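This is query.txt. It holds compact mmCIF, C-alpha atoms.
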# COMPACT_ATOMS: atom_id res chain seq x y z
CA MET U 773 0.00 0.00 0.00
CA SER U 774 2.83 2.38 0.80
CA ASP U 775 4.50 1.53 -2.50
CA PHE U 776 1.24 2.38 -4.28
CA LYS U 777 1.03 5.76 -2.55
CA THR U 778 4.67 6.49 -3.41
CA ARG U 779 4.01 5.82 -7.08
CA LEU U 780 0.83 7.87 -6.87
CA MET U 781 2.60 10.92 -5.44
CA LEU U 782 5.21 10.72 -8.20
CA VAL U 783 2.40 10.65 -10.76
CA LEU U 784 0.76 13.70 -9.22
CA PHE U 785 4.04 15.62 -9.01
CA THR U 786 4.70 15.03 -12.69
CA ALA U 787 1.14 16.10 -13.53
CA VAL U 788 1.86 19.47 -11.95
CA LEU U 789 5.03 19.81 -14.03
CA MET U 790 3.11 18.94 -17.19
CA GLY U 791 0.50 21.54 -16.36
CA LEU U 792 3.06 24.27 -15.79
CA SER U 793 5.43 23.42 -18.63
CA PRO U 794 3.67 25.20 -21.55
CA GLN U 795 4.32 28.61 -20.00
CA PHE U 796 8.04 28.28 -20.76
CA LEU U 797 7.65 27.62 -24.48
CA LEU U 798 5.79 29.65 -27.09
CA ALA U 799 3.26 31.55 -24.99
CA ALA U 800 5.14 34.84 -24.86
CA ASP U 801 4.54 37.79 -27.16
CA ARG U 802 0.94 37.04 -28.04
CA ALA U 803 -1.40 39.99 -28.10
CA THR U 804 -4.63 39.98 -26.08
CA PRO U 805 -7.69 41.61 -27.57
CA ALA U 806 -9.70 43.09 -24.69
CA ALA U 807 -12.87 43.14 -26.77
CA THR U 808 -13.97 42.55 -30.33
CA VAL U 809 -15.10 45.49 -32.44
CA VAL U 810 -18.34 44.75 -34.22
CA SER U 811 -18.42 47.29 -37.00
CA GLY U 812 -16.54 50.16 -38.56
CA ASP U 813 -14.77 50.76 -41.82
CA VAL U 814 -10.96 50.62 -41.94
CA GLN U 815 -9.29 51.90 -45.14
CA GLY U 816 -11.85 50.60 -47.60
CA GLY U 817 -12.51 47.39 -45.67
CA SER U 818 -14.43 46.62 -42.55
CA VAL U 819 -13.63 44.98 -39.27
CA SER U 820 -16.53 42.60 -39.83
CA GLU U 821 -14.83 41.32 -42.99
CA THR U 822 -11.68 40.70 -40.99
CA LEU U 823 -13.69 38.79 -38.41
CA GLU U 824 -15.31 36.69 -41.12
CA GLN U 825 -11.89 35.57 -42.26
CA LYS U 826 -11.20 34.27 -38.76
CA GLU U 827 -14.42 32.27 -38.68
CA HIS U 828 -13.26 29.70 -41.20
CA GLY U 829 -11.38 27.59 -38.69
CA LEU U 830 -9.77 27.13 -35.32
CA SER U 831 -6.73 29.30 -34.69
CA GLN U 832 -3.46 27.36 -34.63
CA GLU U 833 -2.15 29.55 -31.84
CA ALA U 834 -3.45 29.64 -28.30
CA LEU U 835 -4.80 33.09 -27.49
CA GLU U 836 -3.51 35.12 -24.58
CA ILE U 837 -6.13 35.79 -21.90
CA VAL U 838 -4.30 37.86 -19.30
CA ARG U 839 -0.75 39.02 -18.62
CA PRO U 840 -0.26 39.47 -14.86
CA PHE U 841 3.12 41.09 -14.07
CA GLY U 842 4.12 40.65 -17.71
CA PHE U 843 3.58 36.88 -17.60
CA PRO U 844 1.38 35.64 -20.50
CA ILE U 845 -1.39 33.16 -19.70
CA THR U 846 -3.15 31.56 -22.68
CA ASN U 847 -6.49 29.78 -22.88
CA SER U 848 -4.80 26.40 -23.39
CA MET U 849 -2.66 26.94 -20.28
CA ILE U 850 -5.81 27.54 -18.25
CA VAL U 851 -7.26 24.19 -19.37
CA SER U 852 -3.99 22.35 -18.67
CA TRP U 853 -3.89 23.79 -15.17
CA ILE U 854 -7.52 22.86 -14.57
CA VAL U 855 -6.78 19.28 -15.63
CA ALA U 856 -3.67 19.05 -13.43
CA VAL U 857 -5.44 20.48 -10.39
CA GLY U 858 -8.45 18.27 -11.02
CA LEU U 859 -6.28 15.14 -11.10
CA ILE U 860 -4.49 16.14 -7.92
CA VAL U 861 -7.73 16.89 -6.05
CA PHE U 862 -9.36 13.65 -7.22
CA ALA U 863 -6.33 11.55 -6.29
CA GLN U 864 -6.10 13.18 -2.88
CA LEU U 865 -9.77 12.56 -2.20
CA ALA U 866 -9.53 8.99 -3.45
CA THR U 867 -6.53 8.16 -1.23
CA ARG U 868 -7.32 10.27 1.83
CA HIS U 869 -8.57 7.27 3.81
CA MET U 870 -6.93 4.21 2.31
CA LYS U 871 -8.73 0.93 3.05
CA GLN U 872 -7.55 -2.65 2.76
CA ILE U 873 -10.70 -3.38 0.74
CA PRO U 874 -10.96 -0.36 -1.56
CA GLU U 875 -14.28 1.08 -2.60
CA GLY U 876 -15.58 4.03 -4.56
CA ALA U 877 -12.99 6.49 -5.83
CA GLN U 878 -10.11 4.60 -4.19
CA ASN U 879 -11.15 1.43 -5.98
CA PHE U 880 -11.22 3.20 -9.36
CA TRP U 881 -7.89 4.98 -8.79
CA GLU U 882 -6.10 1.82 -7.65
CA TRP U 883 -7.57 -0.09 -10.57
CA LEU U 884 -6.32 2.54 -13.02
CA VAL U 885 -2.79 2.81 -11.60
CA GLU U 886 -2.32 -0.92 -11.05
CA SER U 887 -3.71 -1.77 -14.51
CA LEU U 888 -1.25 0.66 -16.10
CA TYR U 889 1.56 -0.81 -14.00
CA ARG U 890 0.81 -4.39 -15.11
CA PHE U 891 0.37 -3.28 -18.72
CA LEU U 892 3.72 -1.46 -18.80
CA GLU U 893 5.39 -4.31 -16.96
CA GLY U 894 4.43 -6.58 -19.85
CA VAL U 895 5.88 -4.09 -22.35
CA ILE U 896 9.18 -2.94 -20.83
CA GLY U 897 9.77 -5.50 -18.07
CA PRO U 898 9.61 -5.43 -14.27
CA HIS U 899 13.01 -3.81 -13.73
CA LEU U 900 12.49 -0.85 -16.04
CA VAL U 901 8.87 -0.25 -15.02
CA GLU U 902 9.92 0.31 -11.41
CA ARG U 903 12.14 3.17 -12.50
CA THR U 904 9.93 4.75 -15.16
CA PHE U 905 6.32 3.99 -14.24
CA TRP U 906 5.75 7.35 -12.55
CA PHE U 907 6.39 9.15 -15.85
CA PHE U 908 4.52 6.86 -18.24
CA ALA U 909 1.45 6.66 -15.99
CA THR U 910 1.40 10.45 -15.72
CA ILE U 911 1.71 10.82 -19.48
CA PHE U 912 -1.26 8.55 -20.12
CA ILE U 913 -3.54 9.88 -17.38
CA PHE U 914 -2.77 13.53 -18.07
CA ILE U 915 -3.09 13.33 -21.87
CA LEU U 916 -6.29 11.31 -21.67
CA SER U 917 -7.83 13.71 -19.15
CA ALA U 918 -6.78 16.76 -21.17
CA ASN U 919 -8.20 15.27 -24.37
CA TRP U 920 -11.55 14.44 -22.82
CA VAL U 921 -11.86 17.70 -20.88
CA SER U 922 -11.43 19.60 -24.16
CA LEU U 923 -14.65 17.93 -25.38
CA ILE U 924 -16.75 19.35 -22.53
CA PRO U 925 -19.27 21.91 -23.83
CA GLY U 926 -17.94 25.38 -23.10
CA VAL U 927 -14.36 24.69 -24.16
CA GLY U 928 -13.98 26.84 -27.25
CA THR U 929 -17.55 28.17 -27.03
CA ILE U 930 -17.29 30.54 -24.05
CA GLY U 931 -15.43 33.79 -24.53
CA TRP U 932 -15.46 37.10 -26.35
CA GLY U 933 -17.05 37.50 -29.77
CA HIS U 934 -19.47 39.44 -31.93
CA PRO U 935 -23.05 39.11 -33.17
CA ALA U 936 -23.50 37.55 -36.59
CA PRO U 937 -26.53 36.89 -38.82
CA ASP U 938 -26.59 33.19 -37.86
CA GLY U 939 -25.83 33.70 -34.16
CA PHE U 940 -23.12 34.88 -31.82
CA LYS U 941 -19.59 34.07 -32.99
CA ILE U 942 -16.75 33.44 -30.54
CA ASP U 943 -13.51 35.11 -31.69
CA HIS U 944 -11.54 34.86 -28.46
CA PRO U 945 -12.45 31.69 -26.50
CA LEU U 946 -11.70 31.59 -22.80
CA PHE U 947 -10.82 27.88 -22.95
CA ARG U 948 -8.97 25.84 -25.55
CA GLY U 949 -8.04 22.18 -25.65
CA ALA U 950 -4.68 21.77 -23.93
CA ASN U 951 -3.24 19.39 -26.54
CA ALA U 952 -4.70 21.44 -29.41
CA ASP U 953 -1.89 23.89 -28.63
CA VAL U 954 1.50 22.58 -29.75
CA ASN U 955 3.16 23.96 -26.60
CA LEU U 956 1.92 21.23 -24.26
CA PRO U 957 2.75 18.19 -26.47
CA LEU U 958 6.17 19.71 -27.18
CA ALA U 959 6.76 20.31 -23.47
CA MET U 960 5.88 16.70 -22.62
CA ALA U 961 8.09 15.41 -25.43
CA LEU U 962 11.04 17.49 -24.20
CA VAL U 963 10.52 16.29 -20.63
CA PHE U 964 10.53 12.71 -21.91
CA PHE U 965 13.71 13.35 -23.89
CA ALA U 966 15.48 14.54 -20.73
CA CYS U 967 14.18 11.57 -18.72
CA TRP U 968 15.12 9.18 -21.52
CA LEU U 969 18.70 10.44 -21.47
CA VAL U 970 18.93 10.12 -17.68
CA TRP U 971 17.47 6.60 -17.67
CA ALA U 972 19.81 5.49 -20.45
CA LEU U 973 22.89 6.75 -18.61
CA GLN U 974 21.71 5.16 -15.36
CA GLU U 975 21.03 1.80 -16.95
CA ILE U 976 23.97 1.30 -19.32
CA GLY U 977 26.35 4.18 -18.50
CA PRO U 978 28.04 6.63 -20.88
CA VAL U 979 30.22 3.94 -22.47
CA GLY U 980 27.31 1.58 -22.93
CA PHE U 981 25.26 4.42 -24.39
CA LEU U 982 27.91 5.07 -27.04
CA LYS U 983 28.27 1.36 -27.72
CA GLU U 984 24.54 1.03 -28.19
CA LEU U 985 24.68 3.74 -30.85
CA PHE U 986 27.94 3.09 -32.66
CA ALA U 987 29.38 -0.31 -31.70
CA PRO U 988 29.10 -3.06 -34.34
CA LYS U 989 26.81 -5.96 -33.46
CA GLY U 990 27.71 -9.60 -33.98
CA ASP U 991 31.03 -11.51 -34.17
CA THR U 992 33.10 -10.59 -37.20
CA VAL U 993 36.82 -10.71 -37.97
CA GLY U 994 39.27 -9.20 -40.41
CA LEU U 995 38.15 -6.91 -43.19
CA LEU U 996 34.50 -7.64 -42.53
CA LYS U 997 34.84 -6.33 -38.97
CA LEU U 998 36.35 -3.07 -40.27
CA LEU U 999 33.47 -2.77 -42.72
CA MET U 1000 30.94 -3.36 -39.94
CA VAL U 1001 32.58 -0.65 -37.81
CA ILE U 1002 32.11 1.85 -40.63
CA VAL U 1003 28.55 0.74 -41.31
CA PHE U 1004 27.45 0.87 -37.67
CA PHE U 1005 29.14 4.22 -37.14
CA ALA U 1006 27.15 5.64 -40.05
CA ALA U 1007 24.00 3.98 -38.67
CA GLY U 1008 24.75 5.53 -35.28
CA CYS U 1009 24.94 9.00 -36.81
CA LEU U 1010 21.55 8.44 -38.43
CA GLU U 1011 20.22 7.17 -35.10
CA ILE U 1012 21.31 10.41 -33.40
CA VAL U 1013 19.36 12.40 -35.98
CA SER U 1014 16.37 10.13 -35.36
CA ILE U 1015 16.66 10.62 -31.59
CA LEU U 1016 16.81 14.40 -31.94
CA PHE U 1017 13.65 14.37 -34.06
CA ARG U 1018 11.69 12.20 -31.62
CA PRO U 1019 10.39 15.15 -29.57
CA VAL U 1020 9.16 16.76 -32.79
CA SER U 1021 7.42 13.61 -34.05
CA LEU U 1022 5.88 12.86 -30.66
CA SER U 1023 4.55 16.38 -30.15
CA PHE U 1024 3.19 16.93 -33.66
CA ARG U 1025 1.54 13.50 -33.79
CA LEU U 1026 -0.47 14.31 -30.66
CA TYR U 1027 -1.05 17.96 -31.54
CA GLY U 1028 -2.07 17.21 -35.13
CA ASN U 1029 -4.68 14.61 -34.22
CA ILE U 1030 -6.25 16.64 -31.41
CA PHE U 1031 -6.21 19.90 -33.38
CA ALA U 1032 -7.76 18.16 -36.38
CA GLY U 1033 -10.49 16.72 -34.18
CA GLU U 1034 -11.37 20.09 -32.66
CA SER U 1035 -11.35 21.72 -36.11
CA MET U 1036 -13.72 19.01 -37.38
CA LEU U 1037 -16.11 19.55 -34.45
CA GLU U 1038 -16.09 23.30 -35.08
CA ALA U 1039 -16.73 22.80 -38.79
CA MET U 1040 -19.66 20.47 -38.07
CA ALA U 1041 -21.11 22.99 -35.61
CA ARG U 1042 -21.09 25.70 -38.31
CA LEU U 1043 -22.16 23.54 -41.24
CA VAL U 1044 -25.92 23.98 -40.86
CA PRO U 1045 -27.08 27.12 -39.03
CA GLY U 1046 -29.50 26.28 -36.26
CA PHE U 1047 -28.32 22.67 -35.93
CA GLY U 1048 -24.83 23.34 -34.61
CA TRP U 1049 -25.70 21.52 -31.40
CA LEU U 1050 -26.81 18.34 -33.20
CA LEU U 1051 -24.38 17.59 -36.03
CA PRO U 1052 -21.19 17.26 -33.91
CA ILE U 1053 -22.71 14.67 -31.53
CA PRO U 1054 -21.63 11.54 -33.51
CA PHE U 1055 -18.16 13.01 -33.91
CA TYR U 1056 -17.88 13.54 -30.15
CA PHE U 1057 -17.92 9.77 -29.69
CA LEU U 1058 -15.20 9.48 -32.32
CA GLU U 1059 -13.10 12.08 -30.51
CA LEU U 1060 -13.50 10.19 -27.23
CA LEU U 1061 -11.89 7.20 -28.94
CA VAL U 1062 -9.21 9.36 -30.58
CA GLY U 1063 -8.35 10.92 -27.21
CA LEU U 1064 -7.86 7.47 -25.67
CA VAL U 1065 -5.85 6.16 -28.61
CA GLN U 1066 -3.54 9.19 -28.73
CA ALA U 1067 -2.84 8.97 -25.00
CA LEU U 1068 -2.03 5.27 -25.38
CA VAL U 1069 0.15 5.86 -28.45
CA PHE U 1070 2.17 8.60 -26.74
CA MET U 1071 2.74 6.42 -23.68
CA LEU U 1072 3.67 3.31 -25.69
CA LEU U 1073 6.05 5.15 -28.01
CA THR U 1074 7.92 6.72 -25.10
CA ALA U 1075 8.02 3.36 -23.30
CA VAL U 1076 9.36 1.53 -26.35
CA PHE U 1077 11.97 4.23 -27.01
CA THR U 1078 13.14 3.77 -23.41
CA LEU U 1079 13.20 -0.02 -23.71
CA LEU U 1080 15.27 0.07 -26.89
CA ILE U 1081 18.08 2.05 -25.27
CA CYS U 1082 17.94 0.50 -21.78
CA GLN U 1083 17.48 -3.17 -22.52
CA HIS U 1084 20.31 -5.45 -21.44
CA GLU U 1085 21.61 -8.38 -23.41
CA GLU U 1086 21.56 -11.54 -21.30
CA SER U 1087 24.80 -13.39 -20.88
CA PRO U 1088 24.84 -17.17 -21.58
CA ALA U 1089 25.07 -17.91 -17.84
CA THR U 1090 22.00 -15.76 -17.15
CA ALA U 1091 20.05 -17.19 -20.03
CA HIS U 1092 20.58 -20.81 -18.86
CA GLY U 1093 20.32 -20.00 -15.15
In structure tokens, write the structure found in this file.
Amino acid sequence: MSDFKTRLMLVLFTAVLMGLSPQFLLAADRATPAATVVSGDVQGGSVSETLEQKEHGLSQEALEIVRPFGFPITNSMIVSWIVAVGLIVFAQLATRHMKQIPEGAQNFWEWLVESLYRFLEGVIGPHLVERTFWFFATIFIFILSANWVSLIPGVGTIGWGHPAPDGFKIDHPLFRGANADVNLPLAMALVFFACWLVWALQEIGPVGFLKELFAPKGDTVGLLKLLMVIVFFAAGCLEIVSILFRPVSLSFRLYGNIFAGESMLEAMARLVPGFGWLLPIPFYFLELLVGLVQALVFMLLTAVFTLLICQHEESPATAHG
């Protein structure tokens, strides 16, 4: 039970870091419109025409809401903080009075954490899961929660806007899906990259790390061994490029799928005036599945990347022991 609570506290601590991390990336230098002008001609055009151009789709950038003491806070940061605080509060309530026979919220929370632990143990092994579970469980729980919270009515539909012939249009939403802003996926990918490097050095050491990248595999002699050294050195250089691009691929895979889903929901809501509440409903169920799949994919990819660099080759004595 104490081991479970230790793992749980590590999960919650990482959730806080994930919630705070977007503020250090691309949030700065974004202007905040205090209100939206409805009409007025500007040099042969009109503000309403400018607003109509913005109505065609979801903005790729998170919009700044406030700037206290010069610190920018965007609508996606607000949602990420709400998710992080919500997870912490729920976990604290679920584990406030731990029972030998769990029930209610404690039963659900223990089932979730222990199921993830057993699942990851089957993927990366018992040794590695003890060291890395706190991160991978946080990644899955936080991404899944953020994806599903972004589907709650009001996210993207509450904010500042202007009247339009077919209804009120939101130009500056107060809330935005956390993973629909590239900052949060990129922050999580960079945190994983740092953890991945630390875990690799702890497991195999600096020399083993270099051997894993550049050392030739297999038993060869003579000229063939020299050729294999050259080939594996070139492969190691390509592997370094691949490793450096992993944060980019991880972040844009998650961001692209979630942003595309939110853009599709917005397009369905505007397709037929007067039925914007009805058309997106089937797609909401699809986005629930996409949110689960993307959380699982992000967790599994990071786990497999860690396994590939940290796995140990068994010696003959160990294999037959």
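Shortest separation to U:Pro978 among U:Cys1082, U:Glu1034, U:Tyr1056, U:Phe891 occurs at residue U:Cys1082, atoms counted being all atoms listed in the file.
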If you count all atoms listed in the file, which residues fall within 10 Å of U:Ile854, apart from same-chain ones fewer than 4 positions away, as number ranges by chain? U: 791, 848-850, 858-860, 918, 921, 950
Atom CA of U:Val851 and atom CA of U:Leu958 are how many Å apart? 16.2 Å
Near U:Ala961, counting all atoms listed in the file, which residues have an atom at most 12 Å away, once you skip same-chain residues fewer than 2 positions from it, shown as an NGL selection string? :U and (790 or 793-794 or 907-908 or 911 or 915 or 954-959 or 963-968 or 1015-1027 or 1070-1071 or 1073-1074 or 1077)
Where is the centre and how long are the edges: axis-aligned box on stretch 915-927 of chain U, 5 Å on each side, Å to one decimal, as JSON:
{"center_x": -11.2, "center_y": 18.3, "center_z": -22.3, "size_x": 26.2, "size_y": 24.1, "size_z": 16.2}
May I ask for the distance between atom CA of U:Leu1072 and atom CA of U:Leu892, given in Å to one decimal place? 8.4 Å
Compile the contact shell of U:Leu1050 as a list in words: residues with an atom at most 12 Å away, counting only C-alpha atoms, same-chain residues fewer than 6 positions apart removed. Leu1037, Glu1038, Met1040, Ala1041, Arg1042, Leu1043, Val1044 and Tyr1056 of chain U
Restricting it to C-alpha atoms, dump the selection as a short mmCIF file (atom, residue, chain, number, x, y, z; two decimals), in the frame of the given file.
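What landed in result_22.cif:
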data_model
loop_
_atom_site.label_atom_id
_atom_site.label_comp_id
_atom_site.auth_asym_id
_atom_site.auth_seq_id
_atom_site.Cartn_x
_atom_site.Cartn_y
_atom_site.Cartn_z
CA LEU U 1037 -16.11 19.55 -34.45
CA GLU U 1038 -16.09 23.30 -35.08
CA MET U 1040 -19.66 20.47 -38.07
CA ALA U 1041 -21.11 22.99 -35.61
CA ARG U 1042 -21.09 25.70 -38.31
CA LEU U 1043 -22.16 23.54 -41.24
CA VAL U 1044 -25.92 23.98 -40.86
CA TYR U 1056 -17.88 13.54 -30.15
#
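You can rank U:Pro945, U:Gly1033, U:Gly980, U:Pro898 by their closest distance to U:Ile930 using all atoms listed in the file, and at the top of that list sits U:Pro945.
Distance annotation: of U:Val1069, U:Glu893, U:Trp920, U:Asp938, the residue with the minimal separation from U:Phe1047 is U:Asp938; atom set is only C-alpha atoms.
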Hey, what's within 12 Å of stretch 1010-1012 of chain U if we count all atoms listed in the file and toss same-chain stuff fewer than 5 positions away? As number ranges by chain, please? U: 981-982, 984-986, 1003-1005, 1017-1018, 1077, 1080-1081
